[in-house]
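Just protein_7.tsv here, TSV, C-alpha atoms (C1' of nucleotides) and all ligand atoms:
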```
chain	number	residue	atom	x	y	z
M	1	MET	CA	-20.50	-16.06	10.45
M	2	SER	CA	-17.82	-14.45	12.58
M	3	GLY	CA	-17.04	-16.34	15.79
M	4	THR	CA	-17.06	-14.66	19.18
M	5	GLU	CA	-15.23	-11.39	18.75
M	6	PRO	CA	-12.31	-10.77	21.08
M	7	VAL	CA	-13.10	-8.53	24.03
M	8	ARG	CA	-12.11	-4.88	23.57
M	9	ARG	CA	-11.39	-3.01	26.75
M	10	THR	CA	-12.19	0.64	27.18
M	11	THR	CA	-8.92	2.48	27.52
M	12	ARG	CA	-7.96	6.13	27.35
M	13	GLN	CA	-6.07	5.41	24.12
M	14	ARG	CA	-8.94	3.65	22.41
M	15	SER	CA	-11.33	6.43	23.35
M	16	ALA	CA	-8.91	9.07	22.12
M	17	VAL	CA	-8.59	7.43	18.72
M	18	LEU	CA	-12.34	7.09	18.42
M	19	ALA	CA	-12.78	10.73	19.41
M	20	VAL	CA	-10.49	11.85	16.60
M	21	LEU	CA	-12.22	9.60	14.09
M	22	ASP	CA	-15.61	10.95	15.09
M	23	ASP	CA	-14.46	14.52	14.58
M	24	LEU	CA	-13.02	13.79	11.15
M	25	GLU	CA	-15.18	13.74	8.04
M	26	GLN	CA	-12.25	12.88	5.78
M	27	PHE	CA	-10.24	9.76	5.12
M	28	ARG	CA	-6.97	10.07	7.03
M	29	SER	CA	-3.80	8.03	7.41
M	30	ALA	CA	-2.75	6.40	10.67
M	31	GLN	CA	0.17	8.80	10.86
M	32	GLU	CA	-2.12	11.81	10.46
M	33	ILE	CA	-4.42	10.51	13.17
M	34	HIS	CA	-1.42	10.02	15.42
M	35	THR	CA	-0.27	13.59	14.75
M	36	GLU	CA	-3.73	14.90	15.54
M	37	LEU	CA	-3.74	13.01	18.85
M	38	VAL	CA	-0.43	14.58	19.81
M	39	ARG	CA	-1.72	18.01	18.80
M	40	ARG	CA	-4.70	17.53	21.09
M	41	GLY	CA	-2.36	16.76	23.95
M	42	ASP	CA	-3.93	13.32	24.18
M	43	SER	CA	-0.92	11.44	22.90
M	44	VAL	CA	-1.11	7.77	22.01
M	45	GLY	CA	1.75	5.54	20.90
M	46	LEU	CA	1.98	5.04	17.16
M	47	SER	CA	1.86	1.25	17.53
M	48	THR	CA	-1.33	1.61	19.51
M	49	VAL	CA	-2.88	3.82	16.85
M	50	TYR	CA	-2.21	1.14	14.25
M	51	ARG	CA	-3.45	-1.62	16.54
M	52	THR	CA	-6.61	0.24	17.43
M	53	LEU	CA	-7.40	1.08	13.83
M	54	SER	CA	-6.88	-2.54	12.81
M	55	ALA	CA	-9.27	-3.68	15.52
M	56	LEU	CA	-11.87	-1.13	14.45
M	57	VAL	CA	-11.57	-2.29	10.86
M	58	ALA	CA	-11.90	-5.93	11.93
M	59	ASP	CA	-15.08	-5.01	13.82
M	60	ASP	CA	-16.38	-3.15	10.76
M	61	ASP	CA	-16.48	0.11	12.68
M	62	VAL	CA	-14.05	1.85	10.35
M	63	ASP	CA	-13.65	1.86	6.57
M	64	THR	CA	-10.29	1.74	4.83
M	65	LEU	CA	-9.14	2.96	1.49
M	66	LEU	CA	-5.85	2.50	-0.34
M	67	ARG	CA	-4.40	5.68	-1.74
M	68	ASP	CA	-2.55	5.56	-5.07
M	69	ASP	CA	0.78	5.44	-3.26
M	70	GLY	CA	-0.35	2.43	-1.25
M	71	GLU	CA	-0.86	4.22	2.05
M	72	THR	CA	-3.93	3.15	3.96
M	73	LEU	CA	-6.55	5.74	4.89
M	74	TYR	CA	-9.18	5.35	7.60
M	75	ARG	CA	-12.60	6.86	8.14
M	76	ARG	CA	-15.55	6.26	10.41
M	77	CYS	CA	-18.50	6.04	8.04
M	78	HIS	CA	-22.14	6.59	8.87
M	79	GLY	CA	-23.63	3.93	6.66
M	80	GLU	CA	-23.91	0.56	8.35
M	81	THR	CA	-24.05	-1.47	5.19
M	82	HIS	CA	-21.62	-2.05	2.33
M	83	HIS	CA	-20.99	1.12	0.33
M	84	HIS	CA	-18.36	2.97	-1.66
M	85	HIS	CA	-16.77	6.42	-1.63
M	86	LEU	CA	-16.39	9.53	-3.70
M	87	VAL	CA	-13.21	11.09	-2.35
M	88	CYS	CA	-11.53	14.43	-2.99
M	89	ARG	CA	-7.89	13.89	-3.86
M	90	SER	CA	-6.68	17.09	-2.25
M	91	CYS	CA	-8.72	17.48	0.94
M	92	GLY	CA	-10.03	13.96	1.50
M	93	ALA	CA	-13.66	15.08	1.72
M	94	THR	CA	-15.83	12.03	1.28
M	95	VAL	CA	-19.31	11.22	0.04
M	96	GLU	CA	-20.65	7.76	0.81
M	97	VAL	CA	-22.32	6.26	-2.23
M	98	ASP	CA	-24.33	3.17	-3.08
M	99	GLY	CA	-24.18	1.33	-6.37
M	100	PRO	CA	-26.62	-1.58	-6.27
M	101	ALA	CA	-26.22	-2.08	-10.01
M	102	VAL	CA	-22.46	-2.47	-9.66
M	103	GLU	CA	-22.82	-4.99	-6.87
M	104	THR	CA	-24.97	-7.36	-8.89
M	105	TRP	CA	-22.95	-6.76	-12.05
M	106	ALA	CA	-19.70	-7.67	-10.30
M	107	ASP	CA	-21.13	-10.79	-8.70
M	108	ARG	CA	-22.73	-12.01	-11.89
M	109	LEU	CA	-19.59	-11.38	-13.88
M	110	ALA	CA	-17.46	-13.30	-11.40
M	111	ALA	CA	-19.90	-16.19	-11.35
M	112	GLU	CA	-19.95	-16.36	-15.14
M	113	HIS	CA	-16.19	-16.84	-15.09
M	114	GLY	CA	-16.36	-19.50	-12.40
M	115	PHE	CA	-15.02	-17.33	-9.60
M	116	ASP	CA	-15.74	-18.03	-5.97
M	117	GLU	CA	-15.63	-15.97	-2.77
M	118	VAL	CA	-16.02	-12.72	-4.65
M	119	SER	CA	-15.29	-9.28	-3.30
M	120	HIS	CA	-14.55	-5.99	-4.96
M	121	THR	CA	-13.07	-2.57	-4.47
M	122	LEU	CA	-14.54	0.54	-6.02
M	123	GLU	CA	-13.58	4.10	-5.24
M	124	ILE	CA	-14.16	7.30	-7.13
M	125	PHE	CA	-11.60	10.07	-6.87
M	126	GLY	CA	-11.88	13.69	-7.93
M	127	ARG	CA	-11.55	17.30	-6.82
M	128	CYS	CA	-14.39	18.75	-4.80
M	129	GLU	CA	-15.83	22.24	-5.28
M	130	LYS	CA	-13.98	23.75	-2.35
M	131	CYS	CA	-10.67	22.66	-3.82
M	132	ARG	CA	-11.08	24.40	-7.19
M	133	VAL	CA	-8.59	27.21	-7.74
L	134	MET	CA	-2.87	15.82	-24.01
L	135	SER	CA	0.49	14.30	-23.12
L	136	GLY	CA	3.50	16.24	-24.36
L	137	THR	CA	6.33	14.59	-26.28
L	138	GLU	CA	7.10	11.38	-24.46
L	139	PRO	CA	10.67	10.96	-23.29
L	140	VAL	CA	12.86	8.80	-25.50
L	141	ARG	CA	13.16	5.16	-24.40
L	142	ARG	CA	16.24	3.37	-25.57
L	143	THR	CA	16.25	-0.30	-26.41
L	144	THR	CA	18.39	-2.04	-23.85
L	145	ARG	CA	18.88	-5.67	-22.90
L	146	GLN	CA	17.23	-4.94	-19.54
L	147	ARG	CA	14.17	-3.29	-21.01
L	148	SER	CA	13.69	-6.14	-23.46
L	149	ALA	CA	14.10	-8.72	-20.72
L	150	VAL	CA	11.41	-7.12	-18.57
L	151	LEU	CA	9.05	-6.90	-21.52
L	152	ALA	CA	9.74	-10.54	-22.37
L	153	VAL	CA	8.72	-11.64	-18.88
L	154	LEU	CA	5.61	-9.48	-18.95
L	155	ASP	CA	4.57	-10.92	-22.29
L	156	ASP	CA	4.90	-14.48	-20.98
L	157	LEU	CA	2.85	-13.74	-17.88
L	158	GLU	CA	-0.93	-13.81	-17.89
L	159	GLN	CA	-1.16	-12.89	-14.22
L	160	PHE	CA	-0.67	-9.73	-12.24
L	161	ARG	CA	2.75	-9.90	-10.62
L	162	SER	CA	4.75	-7.74	-8.25
L	163	ALA	CA	8.00	-6.03	-9.23
L	164	GLN	CA	9.86	-8.33	-6.88
L	165	GLU	CA	8.35	-11.42	-8.50
L	166	ILE	CA	9.25	-10.15	-11.94
L	167	HIS	CA	12.78	-9.53	-10.74
L	168	THR	CA	12.99	-13.07	-9.35
L	169	GLU	CA	11.74	-14.48	-12.64
L	170	LEU	CA	14.40	-12.53	-14.52
L	171	VAL	CA	17.10	-13.98	-12.29
L	172	ARG	CA	15.68	-17.47	-12.74
L	173	ARG	CA	15.88	-17.04	-16.50
L	174	GLY	CA	19.53	-16.16	-16.16
L	175	ASP	CA	18.71	-12.78	-17.66
L	176	SER	CA	19.28	-10.82	-14.48
L	177	VAL	CA	18.31	-7.17	-14.22
L	178	GLY	CA	18.93	-4.88	-11.26
L	179	LEU	CA	15.95	-4.42	-9.01
L	180	SER	CA	16.10	-0.64	-9.38
L	181	THR	CA	15.95	-1.06	-13.11
L	182	VAL	CA	12.95	-3.35	-12.86
L	183	TYR	CA	11.11	-0.69	-10.90
L	184	ARG	CA	12.22	2.05	-13.26
L	185	THR	CA	11.23	0.11	-16.35
L	186	LEU	CA	7.84	-0.81	-14.95
L	187	SER	CA	7.19	2.81	-14.01
L	188	ALA	CA	8.05	3.91	-17.53
L	189	LEU	CA	5.78	1.28	-19.04
L	190	VAL	CA	2.95	2.38	-16.79
L	191	ALA	CA	3.55	6.02	-17.72
L	192	ASP	CA	3.36	5.03	-21.39
L	193	ASP	CA	0.13	3.08	-20.72
L	194	ASP	CA	1.76	-0.15	-21.82
L	195	VAL	CA	1.24	-1.85	-18.48
L	196	ASP	CA	-1.67	-1.92	-16.01
L	197	THR	CA	-1.22	-1.72	-12.27
L	198	LEU	CA	-3.28	-2.97	-9.41
L	199	LEU	CA	-2.95	-2.41	-5.67
L	200	ARG	CA	-3.18	-5.57	-3.62
L	201	ASP	CA	-4.87	-5.44	-0.21
L	202	ASP	CA	-1.51	-5.17	1.51
L	203	GLY	CA	-0.57	-2.15	-0.61
L	204	GLU	CA	1.91	-3.90	-2.88
L	205	THR	CA	1.70	-2.91	-6.53
L	206	LEU	CA	1.08	-5.59	-9.15
L	207	TYR	CA	1.83	-5.24	-12.85
L	208	ARG	CA	0.39	-6.86	-15.96
L	209	ARG	CA	0.59	-6.31	-19.66
L	210	CYS	CA	-3.04	-6.24	-20.77
L	211	HIS	CA	-4.39	-6.91	-24.23
L	212	GLY	CA	-7.15	-4.33	-24.24
L	213	GLU	CA	-6.06	-0.94	-25.49
L	214	THR	CA	-8.82	1.01	-23.84
L	215	HIS	CA	-9.83	1.61	-20.23
L	216	HIS	CA	-11.00	-1.58	-18.53
L	217	HIS	CA	-11.08	-3.39	-15.21
L	218	HIS	CA	-10.03	-6.77	-13.85
L	219	LEU	CA	-11.41	-9.91	-12.32
L	220	VAL	CA	-8.46	-11.34	-10.42
L	221	CYS	CA	-7.93	-14.63	-8.62
L	222	ARG	CA	-6.59	-13.98	-5.15
L	223	SER	CA	-4.49	-17.13	-5.00
L	224	CYS	CA	-3.00	-17.53	-8.48
L	225	GLY	CA	-3.40	-14.05	-9.94
L	226	ALA	CA	-5.22	-15.26	-13.04
L	227	THR	CA	-6.91	-12.27	-14.63
L	228	VAL	CA	-9.92	-11.61	-16.82
L	229	GLU	CA	-10.16	-8.18	-18.40
L	230	VAL	CA	-13.67	-6.82	-18.10
L	231	ASP	CA	-15.61	-3.82	-19.33
L	232	GLY	CA	-18.29	-2.02	-17.39
L	233	PRO	CA	-19.70	0.79	-19.50
L	234	ALA	CA	-22.57	1.25	-17.07
L	235	VAL	CA	-20.18	1.75	-14.17
L	236	GLU	CA	-18.17	4.31	-16.09
L	237	THR	CA	-21.13	6.57	-16.75
L	238	TRP	CA	-22.57	5.98	-13.29
L	239	ALA	CA	-19.32	7.04	-11.62
L	240	ASP	CA	-18.93	10.14	-13.76
L	241	ARG	CA	-22.51	11.26	-13.31
L	242	LEU	CA	-22.35	10.70	-9.57
L	243	ALA	CA	-19.15	12.72	-9.25
L	244	ALA	CA	-20.59	15.53	-11.36
L	245	GLU	CA	-23.74	15.65	-9.24
L	246	HIS	CA	-21.59	16.24	-6.20
L	247	GLY	CA	-19.57	18.95	-7.89
L	248	PHE	CA	-16.44	16.86	-8.33
L	249	ASP	CA	-13.88	17.59	-11.00
L	250	GLU	CA	-11.09	15.59	-12.69
L	251	VAL	CA	-12.77	12.32	-11.89
L	252	SER	CA	-11.12	8.92	-11.98
L	253	HIS	CA	-11.96	5.62	-10.38
L	254	THR	CA	-10.60	2.26	-9.36
L	255	LEU	CA	-12.61	-0.92	-9.64
L	256	GLU	CA	-11.29	-4.43	-9.24
L	257	ILE	CA	-13.08	-7.68	-8.59
L	258	PHE	CA	-11.32	-10.36	-6.57
L	259	GLY	CA	-12.21	-13.99	-6.14
L	260	ARG	CA	-10.99	-17.57	-6.43
L	261	CYS	CA	-10.88	-19.08	-9.89
L	262	GLU	CA	-11.97	-22.62	-10.75
L	263	LYS	CA	-8.45	-24.01	-10.84
L	264	CYS	CA	-7.84	-22.81	-7.31
L	265	ARG	CA	-10.79	-24.65	-5.72
L	266	VAL	CA	-9.73	-27.33	-3.26
Y	267	DG	C1'	35.95	5.28	-33.93
Y	268	DG	C1'	34.44	8.83	-30.56
Y	269	DC	C1'	30.45	11.90	-28.21
Y	270	DT	C1'	26.90	12.48	-25.31
Y	271	DA	C1'	22.89	11.94	-23.05
Y	272	DG	C1'	20.00	8.17	-21.47
Y	273	DT	C1'	20.59	3.95	-18.64
Y	274	DT	C1'	22.22	0.78	-15.23
Y	275	DG	C1'	22.95	-1.31	-10.54
Y	276	DA	C1'	24.93	-1.92	-5.94
Y	277	DG	C1'	24.01	-0.06	-1.96
Y	278	DA	C1'	22.06	3.47	1.04
Y	279	DA	C1'	17.95	5.81	2.33
Y	280	DT	C1'	13.04	6.37	2.98
Y	281	DG	C1'	8.77	5.55	5.10
Y	282	DA	C1'	4.73	2.95	6.31
Y	283	DT	C1'	3.64	-0.85	8.90
Y	284	DT	C1'	4.51	-4.73	12.08
Y	285	DG	C1'	6.93	-7.26	15.83
Y	286	DT	C1'	8.98	-7.43	20.66
Y	287	DC	C1'	8.27	-7.63	25.39
Y	288	DA	C1'	8.50	-5.71	29.97
Y	289	DA	C1'	5.64	-2.51	32.40
Y	290	DT	C1'	1.01	-1.14	33.11
Y	291	DC	C1'	-3.94	-1.18	33.24
Y	292	DC	C1'	-8.92	-2.85	32.97
Y	293	DC	C1'	-12.36	-5.50	35.09
Y	294	DG	C1'	-14.76	-9.34	37.07
Y	295	DG	C1'	-14.65	-11.76	41.24
Y	296	DT	C1'	-14.18	-11.52	46.26
P	297	DA	C1'	-11.54	-1.45	48.26
P	298	DC	C1'	-8.38	-5.48	47.08
P	299	DC	C1'	-6.72	-9.01	43.92
P	300	DG	C1'	-5.11	-11.53	39.90
P	301	DG	C1'	-4.67	-12.55	35.33
P	302	DG	C1'	-5.28	-11.55	30.86
P	303	DA	C1'	-5.55	-7.54	27.72
P	304	DT	C1'	-3.21	-3.30	26.47
P	305	DT	C1'	0.45	-0.11	25.94
P	306	DG	C1'	4.66	2.10	23.93
P	307	DA	C1'	9.55	2.82	23.12
P	308	DC	C1'	12.24	0.70	20.03
P	309	DA	C1'	13.78	-2.59	16.65
P	310	DA	C1'	12.74	-4.98	12.53
P	311	DT	C1'	10.59	-5.70	8.04
P	312	DC	C1'	9.87	-4.73	3.45
P	313	DA	C1'	8.49	-2.41	-0.76
P	314	DT	C1'	9.98	1.35	-3.14
P	315	DT	C1'	13.00	5.31	-4.18
P	316	DC	C1'	17.43	7.70	-4.28
P	317	DT	C1'	22.45	8.25	-5.33
P	318	DC	C1'	25.98	8.50	-8.44
P	319	DA	C1'	29.86	6.56	-10.74
P	320	DA	C1'	30.34	3.34	-14.47
P	321	DC	C1'	28.28	1.87	-18.74
P	322	DT	C1'	26.12	2.02	-23.45
P	323	DA	C1'	22.71	2.90	-27.32
P	324	DG	C1'	22.15	5.84	-30.99
P	325	DC	C1'	24.15	9.14	-33.95
P	326	DC	C1'	27.94	11.79	-36.57
M	401	ZN	ZN	-17.41	4.46	4.09
M	402	ZN	ZN	-19.70	-2.71	-3.57
M	403	ZN	ZN	-5.77	-4.53	-17.64
M	404	ZN	ZN	-13.63	2.17	-15.34
```
Take the structure in this file and express it as C-alpha cells.
Amino acid sequence: MSGTEPVRRTTRQRSAVLAVLDDLEQFRSAQEIHTELVRRGDSVGLSTVYRTLSALVADDDVDTLLRDDGETLYRRCHGETHHHHLVCRSCGATVEVDGPAVETWADRLAAEHGFDEVSHTLEIFGRCEKCRV
Amino acid sequence: MSGTEPVRRTTRQRSAVLAVLDDLEQFRSAQEIHTELVRRGDSVGLSTVYRTLSALVADDDVDTLLRDDGETLYRRCHGETHHHHLVCRSCGATVEVDGPAVETWADRLAAEHGFDEVSHTLEIFGRCEKCRV
DNA sequence: GGCTAGTTGAGAATGATTGTCAATCCCGGT
DNA sequence: ACCGGGATTGACAATCATTCTCAACTAGCC
C-alpha cells in the first residue's frame, strides 16, 4: 500500500519528543508538548516539534484528535489497530475503545449511498471520575 | 435547559446569510459563504458572517463539522433531532444519517468508564458518485 | 419622529500551524 | 577516525481562520 517510507534519522530532538509522548497518557497539543520539553530542560524548536509529530502521525505511530476549537491533539496509543477514544474534556485522560459494529455500519451506509474511499471520525467526550467536583 | 435566548433582530445581513444557507446543500466554510454573499451582490462583512453563523449554531439552527485541517464547515440541516453526516470530501455533498445503535453504545461505554456529561462526534467521509473520475 | 440597545464592518489582533533557508548533524562508505 | 551528502534543525517570517475593537448604524418600540 504505502511506498517506501522516508528514512527517519535518530536525533536528540526526535528522541526527546518520543520520550514526552511515552510519558503522557493524555491527548496533548503540540504547544503543550513543546512546553513540556522546555520544562524538562530538553528544549526542541517548535517547528521541529510540529515536524516530528507530523512524521509520527504519517507513520501511524501517533494518533490525532481535533478538539472542538480546531486545535490538534496528539497521543501515543497502545493499540496497533484502528480504534477510537473516550476522552475527558478537562484532563484529557483517554480510554481506547473499539466499536466493530460502528465500523461495519459506517461502511455499509456509505456504500448504500454510492460513496467511495470511506473513512470516519468518531470520538466520545465526557468528564472522568477524577474531574468531578 | 437553556435560559431565555437572546433576542435576534431581523437585519438584511442575517437574512442574506440565511438565504445562502438555504440554497446550499453542502457543508461550507464561513469564508466560502462570505464569498458567495459577495458574488450575489449582497455583501456582508466577514465578521458579521462569523457572528451570524455562531448565533445560528447556538440556536441549533445550523450544524457544524470540523474538516481535517481544522476549518469549521456549516450547513443548515433538515433533521430537527441529533444526527450525523456522510460527507463527500471533494464536493461537500451531504447525507444526513441516524445511528441509534451508536448513540446507545457511546453512552453506555462512557458510563461504564465513569464518564459524565457525555457527547460525541461522528462523521463519515468519502467520495460520492458524481465525484468519481 | 426620536430612543436605545442590538448590530454592523473595517481593520487590528490573536494564535495555531506552516514555510524559509543557512547552519548543523547523522550515518554509510572508506 | 575521516568524509560527504542528504536529512534535520531552529530562529524567524508568513499564512490563514477566527476573534476582538469600537465608532457608526439601525431595527423595534413609544
Ligand atoms: Zn488512540
Ligand atoms: Zn472506526
Ligand atoms: Zn446535520
Ligand atoms: Zn450521535
Who sits within 6 Å of stretch 113-125 of chain M, only C-alpha atoms (C1' of nucleotides), same chain under 2 positions skipped, as an MDAnalysis selection string: (chainID M and resid 85:88 110:111) or (chainID L and resid 251:262)
What does the file look like for those residues with C-alpha atoms, as an mmCIF file, in the coordinates of the input?
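Done, and the output landed in result35.cif:
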```
data_model
loop_
_atom_site.group_PDB
_atom_site.id
_atom_site.type_symbol
_atom_site.label_atom_id
_atom_site.label_comp_id
_atom_site.auth_asym_id
_atom_site.auth_seq_id
_atom_site.Cartn_x
_atom_site.Cartn_y
_atom_site.Cartn_z
ATOM 1 C CA HIS M 85 -16.770 6.420 -1.630
ATOM 2 C CA LEU M 86 -16.390 9.530 -3.700
ATOM 3 C CA VAL M 87 -13.210 11.090 -2.350
ATOM 4 C CA CYS M 88 -11.530 14.430 -2.990
ATOM 5 C CA ALA M 110 -17.460 -13.300 -11.400
ATOM 6 C CA ALA M 111 -19.900 -16.190 -11.350
ATOM 7 C CA VAL L 251 -12.770 12.320 -11.890
ATOM 8 C CA SER L 252 -11.120 8.920 -11.980
ATOM 9 C CA HIS L 253 -11.960 5.620 -10.380
ATOM 10 C CA THR L 254 -10.600 2.260 -9.360
ATOM 11 C CA LEU L 255 -12.610 -0.920 -9.640
ATOM 12 C CA GLU L 256 -11.290 -4.430 -9.240
ATOM 13 C CA ILE L 257 -13.080 -7.680 -8.590
ATOM 14 C CA PHE L 258 -11.320 -10.360 -6.570
ATOM 15 C CA GLY L 259 -12.210 -13.990 -6.140
ATOM 16 C CA ARG L 260 -10.990 -17.570 -6.430
ATOM 17 C CA CYS L 261 -10.880 -19.080 -9.890
ATOM 18 C CA GLU L 262 -11.970 -22.620 -10.750
#
```
Contacts with ligand ZN 404 (chain M) at most 9 Å, all atoms listed in the file counted, listed as a ChimeraX atom specification: /L:215-217,231-233,235-237,239,252-255
Near Y:DA271, within 12 Å and counting only C-alpha atoms (C1' of nucleotides), which residues show up once chain neighbours fewer than 5 positions away are dropped, as a PyMOL selection string? (chain L and resi 140-142) or (chain P and resi 322-325)
Step by step, measure atom-to-atom distances between ligand ZN 401 (chain M) and each residue using all atoms listed in the file, keep those at most 12 Å, then write them as a short mmCIF file (atom, residue, chain, number, x, y, z; two decimals) with C-alpha atoms, keeping the file's coordinate frame.
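Output contents, as saved in pocket05.cif:
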```
data_model
loop_
_atom_site.label_atom_id
_atom_site.label_comp_id
_atom_site.auth_asym_id
_atom_site.auth_seq_id
_atom_site.Cartn_x
_atom_site.Cartn_y
_atom_site.Cartn_z
CA GLU M 25 -15.18 13.74 8.04
CA GLN M 26 -12.25 12.88 5.78
CA PHE M 27 -10.24 9.76 5.12
CA VAL M 57 -11.57 -2.29 10.86
CA ASP M 60 -16.38 -3.15 10.76
CA ASP M 61 -16.48 0.11 12.68
CA VAL M 62 -14.05 1.85 10.35
CA ASP M 63 -13.65 1.86 6.57
CA THR M 64 -10.29 1.74 4.83
CA LEU M 65 -9.14 2.96 1.49
CA LEU M 73 -6.55 5.74 4.89
CA TYR M 74 -9.18 5.35 7.60
CA ARG M 75 -12.60 6.86 8.14
CA ARG M 76 -15.55 6.26 10.41
CA CYS M 77 -18.50 6.04 8.04
CA HIS M 78 -22.14 6.59 8.87
CA GLY M 79 -23.63 3.93 6.66
CA GLU M 80 -23.91 0.56 8.35
CA THR M 81 -24.05 -1.47 5.19
CA HIS M 82 -21.62 -2.05 2.33
CA HIS M 83 -20.99 1.12 0.33
CA HIS M 84 -18.36 2.97 -1.66
CA HIS M 85 -16.77 6.42 -1.63
CA LEU M 86 -16.39 9.53 -3.70
CA VAL M 87 -13.21 11.09 -2.35
CA ALA M 93 -13.66 15.08 1.72
CA THR M 94 -15.83 12.03 1.28
CA VAL M 95 -19.31 11.22 0.04
CA GLU M 96 -20.65 7.76 0.81
CA VAL M 97 -22.32 6.26 -2.23
CA ASP M 98 -24.33 3.17 -3.08
CA THR M 121 -13.07 -2.57 -4.47
CA LEU M 122 -14.54 0.54 -6.02
CA GLU M 123 -13.58 4.10 -5.24
#
```
To one decimal in Å, tell me the separation between atom C1' of Y:DT290 and atom C1' of P:DT305.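 Atom C1' of P:DT305 lies at a distance of 7.3 Å from atom C1' of Y:DT290.
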Just the number, please: distance in Å from atom CA of M:Leu66 to atom CA of L:Arg222, one decimal. 17.2 Å
Output the contact residues of chain Y with respect to chain L at a cut-off of 8 Å, based on all atoms listed in the file, as a list in words.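 Applying the cut-off to the listed atoms yields DG272, DT274 and DG275 of chain Y.
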Would you put the residues from that selection into a file with C-alpha atoms (C1' of nucleotides), as a tab-separated table (two decimals), keeping the file's coordinate frame?
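selection_4.tsv written:
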```
chain	number	residue	atom	x	y	z
Y	272	DG	C1'	20.00	8.17	-21.47
Y	274	DT	C1'	22.22	0.78	-15.23
Y	275	DG	C1'	22.95	-1.31	-10.54
```
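Near P:DT314, within 10 Å and counting all atoms listed in the file, sit Ala163, Ser180, Tyr183, Glu204 and Thr205 of chain L; DT280 and DG281 of chain Y, not including residues fewer than 4 positions from it in the same chain.
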Output file for the selection above: C-alpha atoms (C1' of nucleotides), as a PDB file, in the coordinates of the input:
```
ATOM      1  CA  ALA L 163       8.000  -6.030  -9.230  1.00  0.00           C
ATOM      2  CA  SER L 180      16.100  -0.640  -9.380  1.00  0.00           C
ATOM      3  CA  TYR L 183      11.110  -0.690 -10.900  1.00  0.00           C
ATOM      4  CA  GLU L 204       1.910  -3.900  -2.880  1.00  0.00           C
ATOM      5  CA  THR L 205       1.700  -2.910  -6.530  1.00  0.00           C
TER       6      THR L 205
ATOM      7  C1'  DT Y 280      13.040   6.370   2.980  1.00  0.00           C
ATOM      8  C1'  DG Y 281       8.770   5.550   5.100  1.00  0.00           C
TER       9       DG Y 281
END
```
Identify which of the residues M:Val49, M:Leu37, M:Leu56, M:Leu18 lies closest to chain P, counting only C-alpha atoms (C1' of nucleotides) when measuring atom-to-atom distances.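 Among M:Val49, M:Leu37, M:Leu56, M:Leu18, it is M:Val49 that comes nearest to chain P.
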Residues of chain P were defined as contacting chain M if any atom lay at most 12 Å from it, counting all atoms listed in the file; please report them as a list in words.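 Every residue of chain P that passes the 12 Å test is in DG302, DA303, DT304, DT305, DG306, DA307, DC308, DA313 and DT314 of chain P.
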Distance atom CA of M:Ile33-atom ZN of ligand ZN 402 (chain M), one decimal place?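 A separation of 26.2 Å between them.
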Closest of L:Arg241, L:Arg145, L:Arg173, L:Arg161 to chain M, counting only C-alpha atoms, is L:Arg241
Top pick for closest residue to Y:DT286, considering P:DA319, P:DC326, P:DC298, P:DA309 and counting all atoms listed in the file: P:DA309
Between M:Ala58, M:Arg39, M:Ser29, M:Trp105, which has the minimum distance to ligand ZN 402 (chain M) (counting only C-alpha atoms and all ligand atoms)?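 Among the listed residues, the smallest separation from ligand ZN 402 (chain M) belongs to M:Trp105.
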Can you tell me which residues surround P:DT311 at a distance of at most 12 Å, considering only C-alpha atoms (C1' of nucleotides), apart from same-chain residues fewer than 6 positions away, and format the answer as a PDB file with C-alpha atoms (C1' of nucleotides), keeping the file's coordinate frame?
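After the write, part-v9.pdb holds the following:
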```pdb
ATOM      1  C1'  DG Y 281       8.770   5.550   5.100  1.00  0.00           C
ATOM      2  C1'  DA Y 282       4.730   2.950   6.310  1.00  0.00           C
ATOM      3  C1'  DT Y 283       3.640  -0.850   8.900  1.00  0.00           C
ATOM      4  C1'  DT Y 284       4.510  -4.730  12.080  1.00  0.00           C
ATOM      5  C1'  DG Y 285       6.930  -7.260  15.830  1.00  0.00           C
TER       6       DG Y 285
END
```
From the options L:Gly203, L:Cys224, L:Cys264, L:Asp156, which residue's atoms come nearest to chain M, counting all atoms listed in the file?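 Of the candidates, the smallest distance to chain M is held by L:Gly203.
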Counting only C-alpha atoms, the option among L:Asp175, L:Glu169, L:Glu138, L:Asp201 closest to chain M: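 Looking at the shortest contact to chain M, the residue is L:Asp201.
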Please give the centre and size of the box around stretch 7-17 of chain M (axis-aligned, containing every atom listed in the file, 4 Å added per side), with values in Å to one decimal and written as lines of an AutoDock Vina configuration file.
```
center_x = -9.6
center_y = 0.3
center_z = 23.1
size_x = 15.0
size_y = 25.6
size_z = 16.8
```
